[in-house]
>>> print(open('protein.json').read())   # JSON, C-alpha atoms
[["chain", "number", "residue", "atom", "x", "y", "z"],
["A", 1, "MET", "CA", 0.00, 0.00, 0.00],
["A", 2, "THR", "CA", 1.70, 3.20, -1.09],
["A", 3, "HIS", "CA", 1.24, 6.45, 0.74],
["A", 4, "ASN", "CA", 0.08, 8.36, -2.31],
["A", 5, "GLU", "CA", -3.21, 6.50, -2.40],
["A", 6, "LEU", "CA", -4.01, 7.05, 1.27],
["A", 7, "PRO", "CA", -5.60, 10.27, 2.46],
["A", 8, "LEU", "CA", -3.28, 12.60, 4.34],
["A", 9, "PHE", "CA", -5.71, 12.60, 7.26],
["A", 10, "TYR", "CA", -5.23, 8.84, 7.66],
["A", 11, "VAL", "CA", -1.44, 8.88, 7.33],
["A", 12, "PHE", "CA", -1.18, 11.77, 9.79],
["A", 13, "HIS", "CA", -3.17, 9.91, 12.41],
["A", 14, "VAL", "CA", -1.19, 6.70, 12.04],
["A", 15, "TYR", "CA", 2.04, 8.62, 12.62],
["A", 16, "PHE", "CA", 0.49, 10.71, 15.38],
["A", 17, "PHE", "CA", -0.80, 7.77, 17.41],
["A", 18, "GLY", "CA", 2.36, 5.77, 16.76],
["A", 19, "LEU", "CA", 4.56, 8.59, 18.02],
["A", 20, "VAL", "CA", 2.38, 9.23, 21.08],
["A", 21, "ALA", "CA", 2.44, 5.50, 21.84],
["A", 22, "MET", "CA", 6.24, 5.39, 21.68],
["A", 23, "ILE", "CA", 6.68, 8.55, 23.77],
["A", 24, "SER", "CA", 4.27, 7.29, 26.44],
["A", 25, "ALA", "CA", 6.07, 3.95, 26.47],
["A", 26, "VAL", "CA", 9.40, 5.71, 27.10],
["A", 27, "CYS", "CA", 7.79, 7.75, 29.88],
["A", 28, "PHE", "CA", 6.33, 4.52, 31.25],
["A", 29, "VAL", "CA", 9.68, 2.75, 31.68],
["A", 30, "THR", "CA", 11.41, 5.84, 33.08],
["A", 31, "ARG", "CA", 8.86, 6.76, 35.77],
["A", 32, "ARG", "CA", 9.83, 5.95, 39.33],
["A", 33, "SER", "CA", 6.33, 5.86, 40.75],
["A", 34, "PRO", "CA", 4.44, 2.68, 39.79],
["A", 35, "VAL", "CA", 1.14, 4.58, 39.58],
["A", 36, "ALA", "CA", 2.54, 7.14, 37.11],
["A", 37, "ALA", "CA", 4.08, 4.29, 35.11],
["A", 38, "ALA", "CA", 0.75, 2.46, 34.99],
["A", 39, "LEU", "CA", -1.07, 5.60, 33.80],
["A", 40, "TRP", "CA", 1.48, 6.13, 30.99],
["A", 41, "LEU", "CA", 0.99, 2.51, 29.99],
["A", 42, "VAL", "CA", -2.77, 3.12, 29.81],
["A", 43, "ASN", "CA", -2.03, 6.01, 27.45],
["A", 44, "THR", "CA", 0.10, 3.73, 25.27],
["A", 45, "MET", "CA", -2.71, 1.20, 25.14],
["A", 46, "PHE", "CA", -5.25, 3.83, 24.10],
["A", 47, "CYS", "CA", -2.95, 4.89, 21.25],
["A", 48, "LEU", "CA", -2.57, 1.26, 20.21],
["A", 49, "ALA", "CA", -6.37, 0.93, 20.19],
["A", 50, "ALA", "CA", -6.53, 3.93, 17.84],
["A", 51, "LEU", "CA", -3.91, 2.30, 15.62],
["A", 52, "TYR", "CA", -5.95, -0.91, 15.52],
["A", 53, "VAL", "CA", -8.99, 1.04, 14.34],
["A", 54, "LEU", "CA", -6.87, 2.72, 11.67],
["A", 55, "LEU", "CA", -5.60, -0.71, 10.56],
["A", 56, "ASP", "CA", -9.15, -2.02, 9.89],
["A", 57, "ALA", "CA", -9.42, -3.91, 13.20],
["A", 58, "GLN", "CA", -12.24, -1.95, 14.83],
["A", 59, "PHE", "CA", -13.43, -4.76, 17.06],
["A", 60, "ILE", "CA", -9.89, -5.47, 18.29],
["A", 61, "GLY", "CA", -9.59, -1.77, 19.08],
["A", 62, "VAL", "CA", -12.72, -1.92, 21.23],
["A", 63, "MET", "CA", -11.44, -5.04, 22.98],
["A", 64, "GLN", "CA", -8.13, -3.31, 23.59],
["A", 65, "VAL", "CA", -9.84, -0.45, 25.40],
["A", 66, "LEU", "CA", -12.17, -2.74, 27.35],
["A", 67, "VAL", "CA", -9.80, -5.57, 28.26],
["A", 68, "TYR", "CA", -6.35, -3.98, 28.39],
["A", 69, "ALA", "CA", -6.83, -0.33, 29.24],
["A", 70, "GLY", "CA", -9.93, -1.17, 31.24],
["A", 71, "ALA", "CA", -9.71, -4.47, 33.06],
["A", 72, "ILE", "CA", -6.03, -5.42, 33.15],
["A", 73, "MET", "CA", -4.68, -1.98, 34.00],
["A", 74, "VAL", "CA", -7.33, -1.47, 36.68],
["A", 75, "VAL", "CA", -6.15, -4.71, 38.28],
["A", 76, "PHE", "CA", -2.56, -3.43, 38.14],
["A", 77, "LEU", "CA", -3.47, -0.10, 39.72],
["A", 78, "PHE", "CA", -5.52, -1.89, 42.33],
["A", 79, "VAL", "CA", -2.57, -4.09, 43.31],
["A", 80, "ILE", "CA", -0.15, -1.13, 43.35],
["A", 81, "MET", "CA", -2.42, 0.72, 45.73],
["A", 82, "LEU", "CA", -3.10, -2.40, 47.80],
["A", 83, "LEU", "CA", 0.60, -3.06, 48.38],
["A", 84, "ASN", "CA", 1.32, 0.47, 49.61],
["A", 85, "LEU", "CA", 4.99, 0.40, 48.60],
["A", 86, "GLY", "CA", 5.90, 3.75, 50.13],
["A", 87, "HIS", "CA", 7.04, 6.96, 48.49],
["A", 88, "PRO", "CA", 8.61, 6.49, 45.03],
["A", 89, "SER", "CA", 11.81, 8.24, 46.10],
["A", 90, "GLU", "CA", 12.46, 5.48, 48.64],
["A", 91, "LEU", "CA", 12.18, 2.71, 46.08],
["A", 92, "ASP", "CA", 15.64, 1.56, 45.02],
["A", 93, "ASP", "CA", 14.42, 0.67, 41.61],
["A", 94, "ALA", "CA", 16.81, 1.16, 38.70],
["A", 95, "ARG", "CA", 19.44, -1.52, 38.17],
["A", 96, "GLY", "CA", 23.17, -0.90, 37.81],
["A", 97, "ILE", "CA", 25.08, 0.36, 34.79],
["A", 98, "TRP", "CA", 25.87, -3.15, 33.48],
["A", 99, "TRP", "CA", 22.20, -4.05, 33.29],
["A", 100, "LYS", "CA", 21.53, -0.81, 31.46],
["A", 101, "LEU", "CA", 24.33, -1.48, 28.97],
["A", 102, "ALA", "CA", 23.01, -5.02, 28.42],
["A", 103, "ALA", "CA", 19.51, -3.66, 27.88],
["A", 104, "GLY", "CA", 20.80, -1.08, 25.41],
["A", 105, "GLY", "CA", 22.78, -3.73, 23.54],
["A", 106, "ILE", "CA", 19.81, -6.09, 23.28],
["A", 107, "GLY", "CA", 17.60, -3.21, 22.18],
["A", 108, "LEU", "CA", 20.02, -2.21, 19.43],
["A", 109, "ALA", "CA", 20.35, -5.82, 18.29],
["A", 110, "MET", "CA", 16.56, -6.18, 18.05],
["A", 111, "LEU", "CA", 16.14, -2.89, 16.17],
["A", 112, "SER", "CA", 18.84, -3.89, 13.68],
["A", 113, "GLN", "CA", 17.01, -7.19, 13.20],
["A", 114, "VAL", "CA", 13.92, -5.19, 12.28],
["A", 115, "LEU", "CA", 15.92, -3.21, 9.72],
["A", 116, "VAL", "CA", 17.05, -6.48, 8.14],
["A", 117, "LEU", "CA", 13.52, -7.92, 8.25],
["A", 118, "THR", "CA", 12.06, -4.95, 6.38],
["A", 119, "LYS", "CA", 13.95, -6.23, 3.35],
["A", 120, "ALA", "CA", 12.30, -9.64, 3.61],
["A", 121, "ARG", "CA", 9.28, -10.36, 1.42],
["A", 122, "LEU", "CA", 6.54, -12.87, 2.04],
["A", 123, "PRO", "CA", 5.16, -14.85, -0.90],
["A", 124, "GLU", "CA", 2.82, -12.76, -3.03],
["A", 125, "SER", "CA", 0.30, -15.60, -3.31],
["A", 126, "LEU", "CA", -0.63, -15.07, 0.35],
["A", 127, "VAL", "CA", -1.32, -11.37, -0.02],
["A", 128, "LEU", "CA", -4.96, -10.30, -0.10],
["A", 129, "PRO", "CA", -6.03, -7.75, -2.70],
["A", 130, "GLU", "CA", -5.58, -4.23, -1.38],
["A", 131, "GLY", "CA", -8.35, -3.07, 0.94],
["A", 132, "ALA", "CA", -9.99, -6.52, 1.04],
["A", 133, "ILE", "CA", -10.55, -6.44, 4.79],
["A", 134, "ALA", "CA", -12.01, -2.93, 4.65],
["A", 135, "GLU", "CA", -14.37, -4.07, 1.92],
["A", 136, "GLN", "CA", -15.45, -7.09, 3.96],
["A", 137, "ILE", "CA", -16.10, -4.85, 6.95],
["A", 138, "ALA", "CA", -18.10, -2.41, 4.84],
["A", 139, "LYS", "CA", -20.20, -5.31, 3.56],
["A", 140, "SER", "CA", -20.92, -7.33, 6.68],
["A", 141, "GLY", "CA", -19.90, -5.19, 9.66],
["A", 142, "ALA", "CA", -16.80, -5.28, 11.82],
["A", 143, "ILE", "CA", -17.62, -8.39, 13.85],
["A", 144, "ALA", "CA", -18.96, -10.92, 11.35],
["A", 145, "PRO", "CA", -15.64, -11.40, 9.44],
["A", 146, "LEU", "CA", -14.02, -12.24, 12.79],
["A", 147, "ALA", "CA", -16.81, -14.34, 14.26],
["A", 148, "GLY", "CA", -16.99, -16.72, 11.28],
["A", 149, "PRO", "CA", -13.45, -18.10, 11.49],
["A", 150, "LEU", "CA", -13.36, -17.81, 15.29],
["A", 151, "PHE", "CA", -16.30, -20.18, 15.76],
["A", 152, "ARG", "CA", -15.48, -22.43, 12.79],
["A", 153, "ASP", "CA", -11.74, -22.84, 12.19],
["A", 154, "TYR", "CA", -10.56, -21.86, 15.66],
["A", 155, "LEU", "CA", -13.40, -23.33, 17.71],
["A", 156, "LEU", "CA", -11.17, -25.78, 19.57],
["A", 157, "ALA", "CA", -8.71, -23.05, 20.55],
["A", 158, "PHE", "CA", -11.64, -20.90, 21.67],
["A", 159, "GLU", "CA", -13.00, -23.64, 23.92],
["A", 160, "VAL", "CA", -9.55, -24.44, 25.34],
["A", 161, "THR", "CA", -9.24, -20.75, 26.19],
["A", 162, "SER", "CA", -12.17, -21.09, 28.59],
["A", 163, "VAL", "CA", -10.31, -23.84, 30.44],
["A", 164, "LEU", "CA", -7.25, -21.58, 30.60],
["A", 165, "LEU", "CA", -9.30, -18.77, 32.11],
["A", 166, "LEU", "CA", -10.87, -21.12, 34.65],
["A", 167, "ALA", "CA", -7.42, -22.37, 35.65],
["A", 168, "ALA", "CA", -6.20, -18.77, 35.99],
["A", 169, "ILE", "CA", -9.16, -17.83, 38.20],
["A", 170, "VAL", "CA", -8.67, -20.84, 40.46],
["A", 171, "GLY", "CA", -4.93, -20.18, 40.62],
["A", 172, "ALA", "CA", -5.41, -16.52, 41.50],
["A", 173, "VAL", "CA", -7.88, -17.36, 44.27],
["A", 174, "VAL", "CA", -5.63, -20.06, 45.75],
["A", 175, "LEU", "CA", -2.57, -17.79, 45.64],
["A", 176, "GLY", "CA", -4.43, -14.82, 47.04],
["A", 177, "LYS", "CA", -5.98, -16.69, 49.94],
["A", 178, "ARG", "CA", -4.54, -15.88, 53.34],
["A", 179, "LYS", "CA", -3.30, -18.98, 55.14],
["A", 180, "GLU", "CA", -5.02, -19.81, 58.45],
["A", 181, "ARG", "CA", -2.27, -19.87, 61.04],
["A", 182, "GLY", "CA", -3.97, -19.86, 64.45],
["A", 183, "HIS", "CA", -4.33, -23.59, 65.13],
["A", 184, "ALA", "CA", -1.31, -25.08, 63.40],
["A", 185, "ALA", "CA", 1.25, -22.70, 64.87],
["B", 1, "MET", "CA", 0.82, 1.24, 6.46],
["B", 2, "LEU", "CA", 2.45, -2.14, 7.17],
["B", 3, "PRO", "CA", 6.09, -0.93, 7.50],
["B", 4, "GLU", "CA", 5.12, 1.90, 9.85],
["B", 5, "ALA", "CA", 3.04, -0.37, 12.06],
["B", 6, "LEU", "CA", 5.84, -2.92, 12.21],
["B", 7, "PHE", "CA", 8.30, -0.18, 13.12],
["B", 8, "PHE", "CA", 6.10, 1.11, 15.96],
["B", 9, "SER", "CA", 5.59, -2.42, 17.18],
["B", 10, "ALA", "CA", 9.33, -3.16, 17.17],
["B", 11, "VAL", "CA", 10.14, 0.02, 19.07],
["B", 12, "LEU", "CA", 7.45, -0.71, 21.68],
["B", 13, "PHE", "CA", 8.74, -4.25, 22.09],
["B", 14, "VAL", "CA", 12.31, -3.02, 22.59],
["B", 15, "ILE", "CA", 11.11, -0.47, 25.16],
["B", 16, "GLY", "CA", 9.42, -3.35, 26.97],
["B", 17, "VAL", "CA", 12.61, -5.42, 26.90],
["B", 18, "VAL", "CA", 14.67, -2.50, 28.20],
["B", 19, "GLY", "CA", 12.16, -2.02, 31.00],
["B", 20, "VAL", "CA", 12.31, -5.67, 32.02],
["B", 21, "LEU", "CA", 16.11, -5.55, 32.14],
["B", 22, "THR", "CA", 16.56, -2.21, 33.89],
["B", 23, "ARG", "CA", 13.84, -2.10, 36.55],
["B", 24, "ARG", "CA", 13.72, -3.92, 39.87],
["B", 25, "ASN", "CA", 10.11, -3.29, 40.84],
["B", 26, "ALA", "CA", 8.28, -6.55, 40.12],
["B", 27, "ILE", "CA", 5.05, -4.76, 39.21],
["B", 28, "ILE", "CA", 6.78, -2.52, 36.66],
["B", 29, "VAL", "CA", 8.63, -5.50, 35.17],
["B", 30, "PHE", "CA", 5.27, -7.20, 34.85],
["B", 31, "MET", "CA", 3.76, -4.17, 33.12],
["B", 32, "CYS", "CA", 6.70, -4.17, 30.70],
["B", 33, "VAL", "CA", 5.76, -7.74, 29.76],
["B", 34, "GLU", "CA", 2.24, -6.48, 29.04],
["B", 35, "LEU", "CA", 3.74, -3.78, 26.82],
["B", 36, "MET", "CA", 5.66, -6.44, 24.89],
["B", 37, "LEU", "CA", 2.45, -8.45, 24.40],
["B", 38, "ASN", "CA", 0.76, -5.29, 23.12],
["B", 39, "ALA", "CA", 3.58, -4.69, 20.66],
["B", 40, "VAL", "CA", 3.14, -8.21, 19.29],
["B", 41, "ASN", "CA", -0.61, -7.60, 18.98],
["B", 42, "LEU", "CA", 0.11, -4.56, 16.83],
["B", 43, "THR", "CA", 2.20, -6.74, 14.52],
["B", 44, "PHE", "CA", -0.62, -9.27, 14.26],
["B", 45, "VAL", "CA", -3.18, -6.59, 13.41],
["B", 46, "ALA", "CA", -0.88, -4.98, 10.85],
["B", 47, "PHE", "CA", -0.29, -8.31, 9.12],
["B", 48, "ALA", "CA", -3.98, -9.17, 9.31],
["B", 49, "GLN", "CA", -4.67, -6.22, 7.03],
["B", 50, "VAL", "CA", -2.48, -7.78, 4.34],
["B", 51, "TYR", "CA", -2.67, -11.54, 4.90],
["B", 52, "GLY", "CA", -6.19, -12.13, 6.15],
["B", 53, "VAL", "CA", -8.27, -11.91, 9.27],
["B", 54, "ALA", "CA", -6.66, -14.84, 11.14],
["B", 55, "GLY", "CA", -4.15, -12.42, 12.64],
["B", 56, "GLN", "CA", -6.94, -10.56, 14.42],
["B", 57, "ILE", "CA", -8.20, -13.82, 15.89],
["B", 58, "PHE", "CA", -4.72, -14.49, 17.22],
["B", 59, "VAL", "CA", -4.89, -11.13, 18.97],
["B", 60, "PHE", "CA", -7.96, -12.42, 20.83],
["B", 61, "PHE", "CA", -6.04, -15.37, 22.15],
["B", 62, "VAL", "CA", -3.05, -13.22, 23.10],
["B", 63, "MET", "CA", -5.42, -10.92, 25.03],
["B", 64, "THR", "CA", -6.95, -13.88, 26.84],
["B", 65, "VAL", "CA", -3.54, -15.21, 27.81],
["B", 66, "ALA", "CA", -2.53, -11.71, 28.93],
["B", 67, "ALA", "CA", -5.60, -11.43, 31.14],
["B", 68, "ALA", "CA", -4.99, -14.84, 32.70],
["B", 69, "GLU", "CA", -1.33, -14.00, 33.17],
["B", 70, "ALA", "CA", -2.15, -10.68, 34.83],
["B", 71, "ALA", "CA", -4.52, -12.36, 37.29],
["B", 72, "VAL", "CA", -2.10, -15.12, 38.29],
["B", 73, "GLY", "CA", 1.00, -12.92, 38.20],
["B", 74, "LEU", "CA", -0.49, -10.24, 40.40],
["B", 75, "ALA", "CA", -1.71, -12.90, 42.84],
["B", 76, "ILE", "CA", 1.88, -14.20, 42.99],
["B", 77, "ILE", "CA", 3.18, -10.67, 43.60],
["B", 78, "ILE", "CA", 0.67, -10.17, 46.43],
["B", 79, "ALA", "CA", 1.62, -13.51, 47.99],
["B", 80, "LEU", "CA", 5.29, -12.58, 47.68],
["B", 81, "TYR", "CA", 4.71, -9.19, 49.27],
["B", 82, "ARG", "CA", 2.88, -10.81, 52.16],
["B", 83, "HIS", "CA", 5.86, -13.10, 52.68],
["B", 84, "ARG", "CA", 8.81, -10.71, 52.22],
["B", 85, "GLN", "CA", 7.27, -7.20, 52.56],
["B", 86, "THR", "CA", 8.95, -6.17, 49.30],
["B", 87, "VAL", "CA", 8.46, -6.33, 45.55],
["B", 88, "ASN", "CA", 12.07, -5.43, 44.82],
["B", 89, "LEU", "CA", 13.43, -8.20, 42.65],
["B", 90, "SER", "CA", 16.95, -8.04, 44.06],
["B", 91, "ASN", "CA", 15.57, -8.93, 47.51],
["B", 92, "ILE", "CA", 13.72, -11.92, 46.12],
["B", 93, "ASN", "CA", 16.66, -14.30, 45.81],
["B", 94, "LEU", "CA", 15.45, -17.55, 47.32],
["B", 95, "LEU", "CA", 16.65, -19.59, 44.31],
["B", 96, "LYS", "CA", 20.00, -17.83, 44.00],
["B", 97, "GLY", "CA", 21.82, -20.34, 46.22]]
>>> encode(input="protein.json", output="structure tokens")
Amino acid sequence: MTHNELPLFYVFHVYFFGLVAMISAVCFVTRRSPVAAALWLVNTMFCLAALYVLLDAQFIGVMQVLVYAGAIMVVFLFVIMLLNLGHPSELDDARGIWWKLAAGGIGLAMLSQVLVLTKARLPESLVLPEGAIAEQIAKSGAIAPLAGPLFRDYLLAFEVTSVLLLAAIVGAVVLGKRKERGHAA
Amino acid sequence: MLPEALFFSAVLFVIGVVGVLTRRNAIIVFMCVELMLNAVNLTFVAFAQVYGVAGQIFVFFVMTVAAAEAAVGLAIIIALYRHRQTVNLSNINLLKG
């Protein structure tokens, strides 16, 4: 898809939300206070939701806001406030210089990998005609093109997911339960 | 917009990796993992636009796993805090020998 065919409005917003997402992510890893970090991460997730909508994945965008920015981050904030870790300035948080150098090295290695991968090309026979997904969405709505394959081709994975969630709920309850000490000790 | 989306996704993933390696607060490390999962989701959605809708369905499963992981992981962090009164990863060294 070349940029000439896309409206400027669209291209501007993709770059805008991408840049805001990256800036908020940098703010997120550099904040000392866990609450501030969590709020920057919420901002990143909202920008990603906007990017999903721009990339013809409207329903995924909605799920991103509801599940990630809504449910998961609320659980994080809840736990941060529950633990009452003390003032951020007392948290000895950042690791030493060697860890930072290692992190920088790994980051550079991964980014250079991306530069190499941009030269790779996937087989053309797999590529859909341009704007095929957008056309499908215009014809049958944003959810139907997803629901069909989800409940036909990926039905088994979908059902297994429910078992995974059940296991996670049971695990969280067992881990979170306070042990009764009175009689044994 | 595929190259741009892949670029954003790669940068977000690297920021997540840097966060995991440079922070000691278990909760922040955990949030960095969530950021990495989000970056991968962006890749899936970007490829779904070109190679078909299966990528978006994968994003569903990644989100489910992320939700399950958040529930269990935060329960572990709470249990750990109850035990050691800290979430600083350098104080949690039971397996270090």
>>> interface_residues(input="protein.json", of="chain B", to="chain A", cutoff="7 Å", atoms="all atoms listed in the file", output="VMD selection string")
chain B and resid 1 8 10 12 14 to 15 18 to 19 21 to 25 28 45 to 46 49 to 53 57 67 to 68 70 to 72 75 to 76 78 to 79
>>> atom_distance(input="protein.json", atom1="atom CA of Leu155 of chain A", atom2="atom CA of Gln56 of chain B")
14.7 Å
>>> atom_distance(input="protein.json", atom1="atom CA of Leu6 of chain B", atom2="atom CA of Phe16 of chain A")
15.0 Å
>>> atom_distance(input="protein.json", atom1="atom CA of Val62 of chain B", atom2="atom CA of Asn41 of chain B")
7.4 Å
>>> closest_residue(input="protein.json", among="B:Val17, B:Ala5, B:Val87, B:Met36", to="Ala66 of chain B", atoms="all atoms listed in the file")
B:Met36
>>> axis_aligned_box(input="protein.json", around="segment 78-91 of chain B", padding_each_side="6 Å", output="AutoDock Vina command-line options")
--center_x 8.8 --center_y -9.5 --center_z 47.7 --size_x 28.3 --size_y 20.1 --size_z 22.0
>>> residues_around(input="protein.json", residues="segment 31-35 of chain B", least_positions_apart="3", cutoff="7 Å", atoms="only C-alpha atoms", output="PyMOL selection string")
chain B and resi 13+16+19-20+27-28+38-39
>>> decode(input="protein.json", residues="segment 154-172 of chain A", atoms="N, CA, C and O atoms", output="short mmCIF file (atom, residue, chain, number, x, y, z; two decimals), in the first residue's frame")
data_model
loop_
_atom_site.label_atom_id
_atom_site.label_comp_id
_atom_site.auth_asym_id
_atom_site.auth_seq_id
_atom_site.Cartn_x
_atom_site.Cartn_y
_atom_site.Cartn_z
N TYR A 154 -11.32 -21.94 14.41
CA TYR A 154 -10.56 -21.86 15.66
C TYR A 154 -11.43 -22.21 16.86
O TYR A 154 -11.16 -21.77 17.96
N LEU A 155 -12.47 -23.03 16.62
CA LEU A 155 -13.40 -23.33 17.71
C LEU A 155 -12.71 -24.05 18.85
O LEU A 155 -12.93 -23.73 20.02
N LEU A 156 -11.83 -25.00 18.52
CA LEU A 156 -11.17 -25.78 19.57
C LEU A 156 -10.32 -24.86 20.44
O LEU A 156 -10.39 -24.91 21.68
N ALA A 157 -9.55 -23.99 19.79
CA ALA A 157 -8.71 -23.05 20.55
C ALA A 157 -9.58 -22.17 21.44
O ALA A 157 -9.24 -21.90 22.59
N PHE A 158 -10.73 -21.76 20.90
CA PHE A 158 -11.64 -20.90 21.67
C PHE A 158 -12.13 -21.62 22.92
O PHE A 158 -12.18 -21.04 24.01
N GLU A 159 -12.49 -22.89 22.76
CA GLU A 159 -13.00 -23.64 23.92
C GLU A 159 -11.89 -23.90 24.93
O GLU A 159 -12.10 -23.84 26.14
N VAL A 160 -10.67 -24.19 24.42
CA VAL A 160 -9.55 -24.44 25.34
C VAL A 160 -9.24 -23.18 26.15
O VAL A 160 -8.88 -23.24 27.32
N THR A 161 -9.46 -22.02 25.50
CA THR A 161 -9.24 -20.75 26.19
C THR A 161 -10.08 -20.65 27.46
O THR A 161 -9.62 -20.12 28.47
N SER A 162 -11.31 -21.18 27.40
CA SER A 162 -12.17 -21.09 28.59
C SER A 162 -11.58 -21.90 29.73
O SER A 162 -11.64 -21.49 30.89
N VAL A 163 -10.96 -23.04 29.40
CA VAL A 163 -10.31 -23.84 30.44
C VAL A 163 -9.14 -23.06 31.02
O VAL A 163 -8.93 -23.04 32.24
N LEU A 164 -8.39 -22.38 30.14
CA LEU A 164 -7.25 -21.58 30.60
C LEU A 164 -7.71 -20.50 31.58
O LEU A 164 -7.11 -20.32 32.65
N LEU A 165 -8.82 -19.84 31.23
CA LEU A 165 -9.30 -18.77 32.11
C LEU A 165 -9.76 -19.33 33.45
O LEU A 165 -9.50 -18.74 34.50
N LEU A 166 -10.42 -20.50 33.40
CA LEU A 166 -10.87 -21.12 34.65
C LEU A 166 -9.66 -21.45 35.53
O LEU A 166 -9.66 -21.16 36.74
N ALA A 167 -8.61 -22.02 34.89
CA ALA A 167 -7.42 -22.37 35.65
C ALA A 167 -6.80 -21.12 36.26
O ALA A 167 -6.36 -21.12 37.42
N ALA A 168 -6.79 -20.01 35.48
CA ALA A 168 -6.20 -18.77 35.99
C ALA A 168 -7.00 -18.25 37.18
O ALA A 168 -6.41 -17.81 38.18
N ILE A 169 -8.34 -18.33 37.10
CA ILE A 169 -9.16 -17.83 38.20
C ILE A 169 -8.90 -18.65 39.46
O ILE A 169 -8.67 -18.10 40.55
N VAL A 170 -8.90 -19.98 39.30
CA VAL A 170 -8.67 -20.84 40.46
C VAL A 170 -7.29 -20.56 41.03
O VAL A 170 -7.11 -20.43 42.26
N GLY A 171 -6.29 -20.44 40.15
CA GLY A 171 -4.93 -20.18 40.62
C GLY A 171 -4.84 -18.87 41.38
O GLY A 171 -4.22 -18.80 42.44
N ALA A 172 -5.48 -17.82 40.84
CA ALA A 172 -5.41 -16.52 41.50
C ALA A 172 -6.06 -16.58 42.88
O ALA A 172 -5.53 -16.02 43.85
#
